[in-house]
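Input: a single structure, listed below in structure tokens.
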Amino acid sequence: MRSNKVQPEAAVMQFTNCRILREGKLLREDLWVRGGRILDPQKLFFDEKRAADEQRDCGGHILAPGFIDVQINGGFGVDFSLPNEDIASGVALVAKKLLSHGVTAFCPTMVTSPSDVYHKVLPNIAVKRGGPEGAGILGVHLEGPYISREKRGAHPESQIRTFETGAFQDLLATYGSLDNVCIITLAPELSRSGEIIQELTSRGICVSVGHSMASLEEAEKAVQNGASFITHLFNAMLPFHHRDPGIVGLLTSDKIPDEKQVFFGMIADGIHTNPAALRIAHKVHPKGLVLVTDALPALGLGNGQHTLGQQVVEIKGLKCYVADCKMEMALEAASLHPAQLLGIEKQKGTLNFGSDADFVVLDDSLNVKATYISGDLVWQDSDFSH
């Protein structure tokens, strides 16, 4: 277990000439790092009477918390839902290449698969701290197989399951183990889903509703039982209707417990969700927005035929769209909000004092220039130096 104390003898690094994202604002302040954590300079000056051991001029760039992707199916030719001889090496390859995208932690995501695939893959995707070898692994996101056949999307219908008489024991038999799992997406209208959600959340697993025909009432019951996330809002669910808004209605529901925060993932590519719908969701519930890539194994490979679990998909062009919202809010939707969703906001997703020094250096167009994990430079653009 990691100690909460930073060793005083560790070197102090000061990042100067930068704008820091903190508490929803870009502040003209220096960032201080020691022992892999964000340091309070006041305590350094007045308690220890110390200065920085090293300074790095950031050239006026933005320093934001490292991005956290909670839904990514693979990338660079690696499919997390296809077992091979060396699953761990494939995950490591993706983790390494994500550094250039500013991602410092992620949840490898498996789509609906046969039970034997879960048994082979899950033991080989272990939770791991990030570093020069790649972004950290927070746990696996299991998207399926307990989803709606009608809203299965690209998931293979033959592998979709329901909660039978054994309920949670059936789930364990399907997956084999939940040791490396942090999120499970399921359809809340399935019989006995309430007890499943309660059991999963009691084990510290985040439950997300998605690929579902659920009514608003069914979705509200899921949240009351412990669900806290919506998988790719608007996609693979009933469309909004004024008499029953379905899962979308969770964004403004008055049946959500006061202490409960509902987050929603959105794929901001202008294809999965119309930009107008993205703006509506952001305006009504800005603090719940979690930007996800839902990236396919084809990430980084371009057009052509690629796999997604048991399916073959055709890639024809790539687009990305950023919602009409402040830069600061967009950055928090890719860092703070996913950290809050997973309950790790004390360690990740912010540049607050004491948090992990996982951050990204960006220009004003939000192009990634450098990525740091635990205060160590793990990736740098060839045309950037500091």
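Identifiers in the structure tokens: chain A, B, ... in order shown; residue index from 1 per chain; ligand index from 1 in order shown.
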**OP:** Using only C-alpha atoms, determine which residues lie at most 12 Å from Asp86 (chain A), disregarding the query and same-chain residues fewer than 6 positions distant; provide the list as a ChimeraX atom specification.
**Re:** /A:78-80,92-93,120-121,123-125
Write out as an mmCIF file with all heavy atoms, in the first residue's frame each polymer residue whose atoms come within 10 Å of Leu238 (chain A), counting only C-alpha atoms; drop sequence neighbours fewer than 5 positions from it.
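Produced file selection_20.cif, reproduced below:
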```
data_model
loop_
_atom_site.group_PDB
_atom_site.id
_atom_site.type_symbol
_atom_site.label_atom_id
_atom_site.label_comp_id
_atom_site.auth_asym_id
_atom_site.auth_seq_id
_atom_site.Cartn_x
_atom_site.Cartn_y
_atom_site.Cartn_z
ATOM 1 N N GLU A 150 -32.746 -5.872 -28.204
ATOM 2 C CA GLU A 150 -33.250 -4.831 -29.108
ATOM 3 C C GLU A 150 -32.266 -3.667 -29.240
ATOM 4 O O GLU A 150 -32.240 -2.984 -30.262
ATOM 5 C CB GLU A 150 -34.598 -4.304 -28.623
ATOM 6 C CG GLU A 150 -35.741 -5.308 -28.717
ATOM 7 C CD GLU A 150 -35.800 -6.263 -27.528
ATOM 8 O OE1 GLU A 150 -34.932 -6.172 -26.631
ATOM 9 O OE2 GLU A 150 -36.737 -7.082 -27.490
ATOM 10 N N LYS A 151 -31.493 -3.430 -28.200
ATOM 11 C CA LYS A 151 -30.555 -2.301 -28.205
ATOM 12 C C LYS A 151 -29.106 -2.796 -28.094
ATOM 13 O O LYS A 151 -28.269 -2.155 -27.471
ATOM 14 C CB LYS A 151 -30.883 -1.348 -27.048
ATOM 15 C CG LYS A 151 -32.223 -0.643 -27.182
ATOM 16 C CD LYS A 151 -32.238 0.285 -28.391
ATOM 17 C CE LYS A 151 -33.572 1.009 -28.510
ATOM 18 N NZ LYS A 151 -33.599 1.905 -29.713
ATOM 19 N N GLY A 210 -27.112 0.832 -19.702
ATOM 20 C CA GLY A 210 -26.927 1.081 -21.127
ATOM 21 C C GLY A 210 -27.308 -0.121 -21.953
ATOM 22 O O GLY A 210 -27.602 -1.181 -21.420
ATOM 23 N N HIS A 211 -27.318 0.068 -23.285
ATOM 24 C CA HIS A 211 -27.794 -0.967 -24.211
ATOM 25 C C HIS A 211 -29.108 -1.518 -23.671
ATOM 26 O O HIS A 211 -29.239 -2.712 -23.398
ATOM 27 C CB HIS A 211 -26.746 -2.071 -24.368
ATOM 28 C CG HIS A 211 -25.588 -1.650 -25.206
ATOM 29 N ND1 HIS A 211 -25.631 -1.664 -26.589
ATOM 30 C CD2 HIS A 211 -24.366 -1.185 -24.871
ATOM 31 C CE1 HIS A 211 -24.467 -1.226 -27.066
ATOM 32 N NE2 HIS A 211 -23.692 -0.923 -26.041
ATOM 33 N N SER A 212 -30.081 -0.622 -23.568
ATOM 34 C CA SER A 212 -31.259 -0.908 -22.748
ATOM 35 C C SER A 212 -32.536 -0.327 -23.335
ATOM 36 O O SER A 212 -32.528 0.713 -23.996
ATOM 37 C CB SER A 212 -31.008 -0.321 -21.351
ATOM 38 O OG SER A 212 -32.188 -0.249 -20.600
ATOM 39 N N MET A 213 -33.646 -1.007 -23.026
ATOM 40 C CA MET A 213 -34.992 -0.526 -23.367
ATOM 41 C C MET A 213 -35.689 0.041 -22.127
ATOM 42 O O MET A 213 -36.901 0.194 -22.111
ATOM 43 C CB MET A 213 -35.823 -1.686 -23.923
ATOM 44 C CG MET A 213 -35.341 -2.243 -25.246
ATOM 45 S SD MET A 213 -35.781 -1.201 -26.641
ATOM 46 C CE MET A 213 -37.556 -1.509 -26.728
ATOM 47 N N ALA A 214 -34.932 0.362 -21.097
ATOM 48 C CA ALA A 214 -35.512 0.745 -19.814
ATOM 49 C C ALA A 214 -36.340 2.023 -19.892
ATOM 50 O O ALA A 214 -35.992 2.978 -20.597
ATOM 51 C CB ALA A 214 -34.405 0.913 -18.770
ATOM 52 N N SER A 215 -37.421 2.020 -19.118
ATOM 53 C CA SER A 215 -38.204 3.232 -18.910
ATOM 54 C C SER A 215 -37.477 4.101 -17.886
ATOM 55 O O SER A 215 -36.517 3.660 -17.237
ATOM 56 C CB SER A 215 -39.593 2.874 -18.374
ATOM 57 O OG SER A 215 -39.476 2.268 -17.081
ATOM 58 N N LEU A 216 -37.948 5.321 -17.708
ATOM 59 C CA LEU A 216 -37.346 6.181 -16.695
ATOM 60 C C LEU A 216 -37.486 5.562 -15.309
ATOM 61 O O LEU A 216 -36.547 5.571 -14.513
ATOM 62 C CB LEU A 216 -37.980 7.575 -16.716
ATOM 63 C CG LEU A 216 -37.516 8.527 -15.608
ATOM 64 C CD1 LEU A 216 -36.019 8.727 -15.631
ATOM 65 C CD2 LEU A 216 -38.243 9.862 -15.710
ATOM 66 N N ASP A 244 -42.390 9.440 -21.462
ATOM 67 C CA ASP A 244 -41.429 8.588 -20.752
ATOM 68 C C ASP A 244 -40.061 8.812 -21.388
ATOM 69 O O ASP A 244 -39.747 8.240 -22.428
ATOM 70 C CB ASP A 244 -41.811 7.113 -20.838
ATOM 71 C CG ASP A 244 -40.905 6.234 -19.969
ATOM 72 O OD1 ASP A 244 -39.855 6.733 -19.500
ATOM 73 O OD2 ASP A 244 -41.226 5.050 -19.776
ATOM 74 N N PRO A 245 -39.247 9.662 -20.771
ATOM 75 C CA PRO A 245 -37.948 9.996 -21.369
ATOM 76 C C PRO A 245 -36.914 8.891 -21.296
ATOM 77 O O PRO A 245 -35.804 9.046 -21.795
ATOM 78 C CB PRO A 245 -37.503 11.226 -20.565
ATOM 79 C CG PRO A 245 -38.223 11.109 -19.267
ATOM 80 C CD PRO A 245 -39.524 10.450 -19.564
ATOM 81 N N GLY A 246 -37.254 7.755 -20.652
ATOM 82 C CA GLY A 246 -36.311 6.645 -20.583
ATOM 83 C C GLY A 246 -35.069 6.991 -19.774
ATOM 84 O O GLY A 246 -35.091 7.853 -18.883
ATOM 85 N N ILE A 247 -33.969 6.330 -20.090
ATOM 86 C CA ILE A 247 -32.721 6.537 -19.349
ATOM 87 C C ILE A 247 -32.262 7.988 -19.431
ATOM 88 O O ILE A 247 -31.706 8.537 -18.469
ATOM 89 C CB ILE A 247 -31.629 5.590 -19.885
ATOM 90 C CG1 ILE A 247 -31.954 4.143 -19.482
ATOM 91 C CG2 ILE A 247 -30.252 5.977 -19.363
ATOM 92 C CD1 ILE A 247 -31.001 3.112 -20.054
ATOM 93 N N VAL A 248 -32.535 8.647 -20.559
ATOM 94 C CA VAL A 248 -32.126 10.048 -20.727
ATOM 95 C C VAL A 248 -32.709 10.920 -19.615
ATOM 96 O O VAL A 248 -32.085 11.890 -19.164
ATOM 97 C CB VAL A 248 -32.559 10.577 -22.110
ATOM 98 C CG1 VAL A 248 -32.194 12.047 -22.269
ATOM 99 C CG2 VAL A 248 -31.923 9.748 -23.219
#
```
**OP:** May I have the residues within 6 Å of region 167-180 of chain A as a PyMOL selection string, using only C-alpha atoms and disregarding those fewer than 3 positions away in the same chain?
**Re:** chain A and resi 115+118-119+126+139+163-164+196
Original post:
Counting only C-alpha atoms, what is within 9 Å of Asp294 (chain A), bar same-chain residues fewer than 6 positions away, as a list in words?
Top reply: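 Surrounding residues, per the criterion: Asp69, Val70, Gln71, Ile72, Asn73, Gly74, Thr109, His232, Met266 and Ile267 of chain A.
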Residues from the last selection, N, CA, C and O atoms, saved as a short mmCIF file (atom, residue, chain, number, x, y, z; two decimals), in the first residue's frame:
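selection27.cif, freshly written:
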```cif
data_model
loop_
_atom_site.label_atom_id
_atom_site.label_comp_id
_atom_site.auth_asym_id
_atom_site.auth_seq_id
_atom_site.Cartn_x
_atom_site.Cartn_y
_atom_site.Cartn_z
N ASP A 69 -9.90 7.60 -19.57
CA ASP A 69 -10.88 7.05 -20.50
C ASP A 69 -11.49 5.80 -19.89
O ASP A 69 -10.80 4.79 -19.72
N VAL A 70 -12.78 5.85 -19.59
CA VAL A 70 -13.44 4.71 -18.92
C VAL A 70 -14.12 3.77 -19.90
O VAL A 70 -14.73 2.79 -19.49
N GLN A 71 -14.00 4.05 -21.20
CA GLN A 71 -14.60 3.15 -22.19
C GLN A 71 -13.77 3.15 -23.46
O GLN A 71 -13.90 4.00 -24.32
N ILE A 72 -12.91 2.16 -23.59
CA ILE A 72 -12.05 2.03 -24.76
C ILE A 72 -11.89 0.55 -25.06
O ILE A 72 -11.41 -0.23 -24.25
N ASN A 73 -12.34 0.13 -26.25
CA ASN A 73 -12.41 -1.28 -26.62
C ASN A 73 -11.10 -1.86 -27.11
O ASN A 73 -10.98 -3.07 -27.31
N GLY A 74 -10.14 -1.00 -27.34
CA GLY A 74 -8.85 -1.44 -27.85
C GLY A 74 -8.22 -0.32 -28.64
O GLY A 74 -8.60 0.85 -28.51
N THR A 109 -12.02 -2.01 -22.16
CA THR A 109 -13.44 -2.37 -22.21
C THR A 109 -13.65 -3.61 -23.09
O THR A 109 -13.11 -3.69 -24.19
N HIS A 232 -22.62 5.64 -22.89
CA HIS A 232 -22.85 6.45 -24.10
C HIS A 232 -24.32 6.90 -24.23
O HIS A 232 -25.10 6.34 -24.99
N MET A 266 -20.35 10.25 -22.97
CA MET A 266 -20.74 10.70 -24.31
C MET A 266 -19.56 10.59 -25.25
O MET A 266 -18.42 10.89 -24.88
N ILE A 267 -19.85 10.14 -26.46
CA ILE A 267 -18.84 10.03 -27.52
C ILE A 267 -18.97 11.29 -28.37
O ILE A 267 -19.90 11.42 -29.16
#
```
Subject >> Counting only C-alpha atoms, the option among A:Ile68, A:Asp356, A:Phe263, A:Leu122 closest to Thr104 (chain A) >> reply: A:Ile68
**OP:** Extract the full set of helix (DSSP H, G or I) residues from region 161-372 of chain A according to DSSP on the backbone, and format it as number ranges by chain.
**Re:** A: 168-175, 193-202, 216-224, 246-251, 275-284, 286-288, 327-333, 336-341
Original post:
Could you pull the residues within 10 Å of Leu39 (chain A), counting only C-alpha atoms, minus those fewer than 5 positions along the same chain, as a list in words?
Top reply: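 Those residues are Val6, Val12, Met13, Gln14, Leu31, Trp32, Val33, Arg34, Leu44, Leu351, Asn352, Phe353, Gly354, Ser355, Asp356 and Ala357 of chain A.
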Original post:
Which of these residues is nearest to Gly130 (chain A), using only C-alpha atoms: A:Ala52, A:Met110, A:Ala105, A:Val117?
Top reply: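 Smallest distance to Gly130 (chain A) is found for A:Ala105.
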Excluding Leu63 (chain A) and residues on its chain fewer than 6 positions from it, collect all residues at most 8 Å away from it, counting only C-alpha atoms, and give them as a compact mmCIF listing (two decimals) with N, CA and C atoms, in the first residue's frame.
```txt
# COMPACT_ATOMS: atom_id res chain seq x y z
N CYS A 18 3.07 28.79 -16.90
CA CYS A 18 2.00 27.91 -17.34
C CYS A 18 0.66 28.36 -16.77
N ARG A 19 -0.40 27.81 -17.31
CA ARG A 19 -1.76 28.01 -16.79
C ARG A 19 -2.25 26.67 -16.28
N ILE A 20 -2.62 26.62 -15.01
CA ILE A 20 -3.01 25.37 -14.36
C ILE A 20 -4.53 25.28 -14.25
N LEU A 21 -5.09 24.14 -14.63
CA LEU A 21 -6.52 23.91 -14.44
C LEU A 21 -6.74 23.45 -13.00
N PHE A 359 -0.45 14.60 -15.25
CA PHE A 359 -0.98 15.77 -15.95
C PHE A 359 -0.50 15.81 -17.39
N VAL A 360 -1.16 16.66 -18.17
CA VAL A 360 -0.88 16.77 -19.59
C VAL A 360 -0.60 18.23 -19.91
N VAL A 361 0.35 18.46 -20.81
CA VAL A 361 0.69 19.80 -21.28
C VAL A 361 0.01 20.01 -22.63
N LEU A 362 -0.79 21.08 -22.75
CA LEU A 362 -1.60 21.33 -23.94
C LEU A 362 -1.35 22.72 -24.49
```
**OP:** Name the closest residue to Ile205 (chain A) among the candidates A:Ile280, A:Leu341, A:Ala222, A:Val181; distances are taken between atoms, counting only C-alpha atoms.
**Re:** A:Val181
**OP:** Go through A:Ala370, A:Leu27, A:Val140, A:Ile271 and flag the residue nearest Cys107 (chain A), using only C-alpha atoms for the distances.
**Re:** A:Val140
**OP:** For CA of Glu29 (chain A) and CA of Ala64 (chain A), determine how far apart the two atoms are, in Å to one decimal place.
**Re:**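 Here the two named atoms are 12.3 Å from each other.
Proximity to Ser365 (chain A) was assessed for A:Glu217, A:Met327, A:Pro257, A:Ala334 counting only C-alpha atoms; the smallest distance is recorded for A:Met327.
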**OP:** Give me every strand (DSSP E) residue in region 16-95 of chain A, going by DSSP on the backbone, as a PyMOL selection string.
**Re:** chain A and resi 16+19-22+25-27+31-34+37-38+54-57+62-65+67-72+74-75+78-79
File dump, residues just selected, C-alpha atoms, as a PDB file, in the first residue's frame:
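Done, and the output landed in again_12.pdb:
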```pdb
ATOM      1  CA  THR A  16       6.754  27.685 -14.477  1.00  0.00           C
ATOM      2  CA  ARG A  19      -1.760  28.006 -16.789  1.00  0.00           C
ATOM      3  CA  ILE A  20      -3.007  25.368 -14.359  1.00  0.00           C
ATOM      4  CA  LEU A  21      -6.517  23.913 -14.436  1.00  0.00           C
ATOM      5  CA  ARG A  22      -7.695  23.943 -10.853  1.00  0.00           C
ATOM      6  CA  LYS A  25     -10.421  27.718 -13.688  1.00  0.00           C
ATOM      7  CA  LEU A  26      -7.187  28.243 -15.588  1.00  0.00           C
ATOM      8  CA  LEU A  27      -4.842  29.928 -13.126  1.00  0.00           C
ATOM      9  CA  LEU A  31       2.919  23.703 -10.452  1.00  0.00           C
ATOM     10  CA  TRP A  32       5.099  22.082  -7.796  1.00  0.00           C
ATOM     11  CA  VAL A  33       5.773  18.334  -7.719  1.00  0.00           C
ATOM     12  CA  ARG A  34       7.638  16.064  -5.317  1.00  0.00           C
ATOM     13  CA  ARG A  37       2.493  14.162  -5.937  1.00  0.00           C
ATOM     14  CA  ILE A  38       1.318  17.767  -6.324  1.00  0.00           C
ATOM     15  CA  GLU A  54      14.668  21.867 -10.889  1.00  0.00           C
ATOM     16  CA  GLN A  55      12.556  24.289 -12.930  1.00  0.00           C
ATOM     17  CA  ARG A  56      10.838  23.650 -16.260  1.00  0.00           C
ATOM     18  CA  ASP A  57       9.514  26.515 -18.372  1.00  0.00           C
ATOM     19  CA  ILE A  62      -1.910  24.698 -20.259  1.00  0.00           C
ATOM     20  CA  LEU A  63      -1.340  22.080 -17.561  1.00  0.00           C
ATOM     21  CA  ALA A  64      -4.434  19.933 -17.001  1.00  0.00           C
ATOM     22  CA  PRO A  65      -5.043  16.670 -15.140  1.00  0.00           C
ATOM     23  CA  PHE A  67      -7.163  12.253 -19.198  1.00  0.00           C
ATOM     24  CA  ILE A  68      -9.043   9.187 -17.931  1.00  0.00           C
ATOM     25  CA  ASP A  69     -10.880   7.052 -20.505  1.00  0.00           C
ATOM     26  CA  VAL A  70     -13.436   4.714 -18.925  1.00  0.00           C
ATOM     27  CA  GLN A  71     -14.604   3.146 -22.195  1.00  0.00           C
ATOM     28  CA  ILE A  72     -12.049   2.027 -24.756  1.00  0.00           C
ATOM     29  CA  GLY A  74      -8.855  -1.437 -27.850  1.00  0.00           C
ATOM     30  CA  GLY A  75      -6.611   0.354 -30.302  1.00  0.00           C
ATOM     31  CA  VAL A  78      -5.372  -4.694 -30.304  1.00  0.00           C
ATOM     32  CA  ASP A  79      -8.891  -5.922 -29.449  1.00  0.00           C
TER      33      ASP A  79
END
```
**OP:** May I ask for the distance between CA of Pro286 (chain A) and CA of Glu345 (chain A), given in Å to one decimal place?
**Re:**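 If I compute the distance from CA of Pro286 (chain A) to CA of Glu345 (chain A), I get 17.2 Å.
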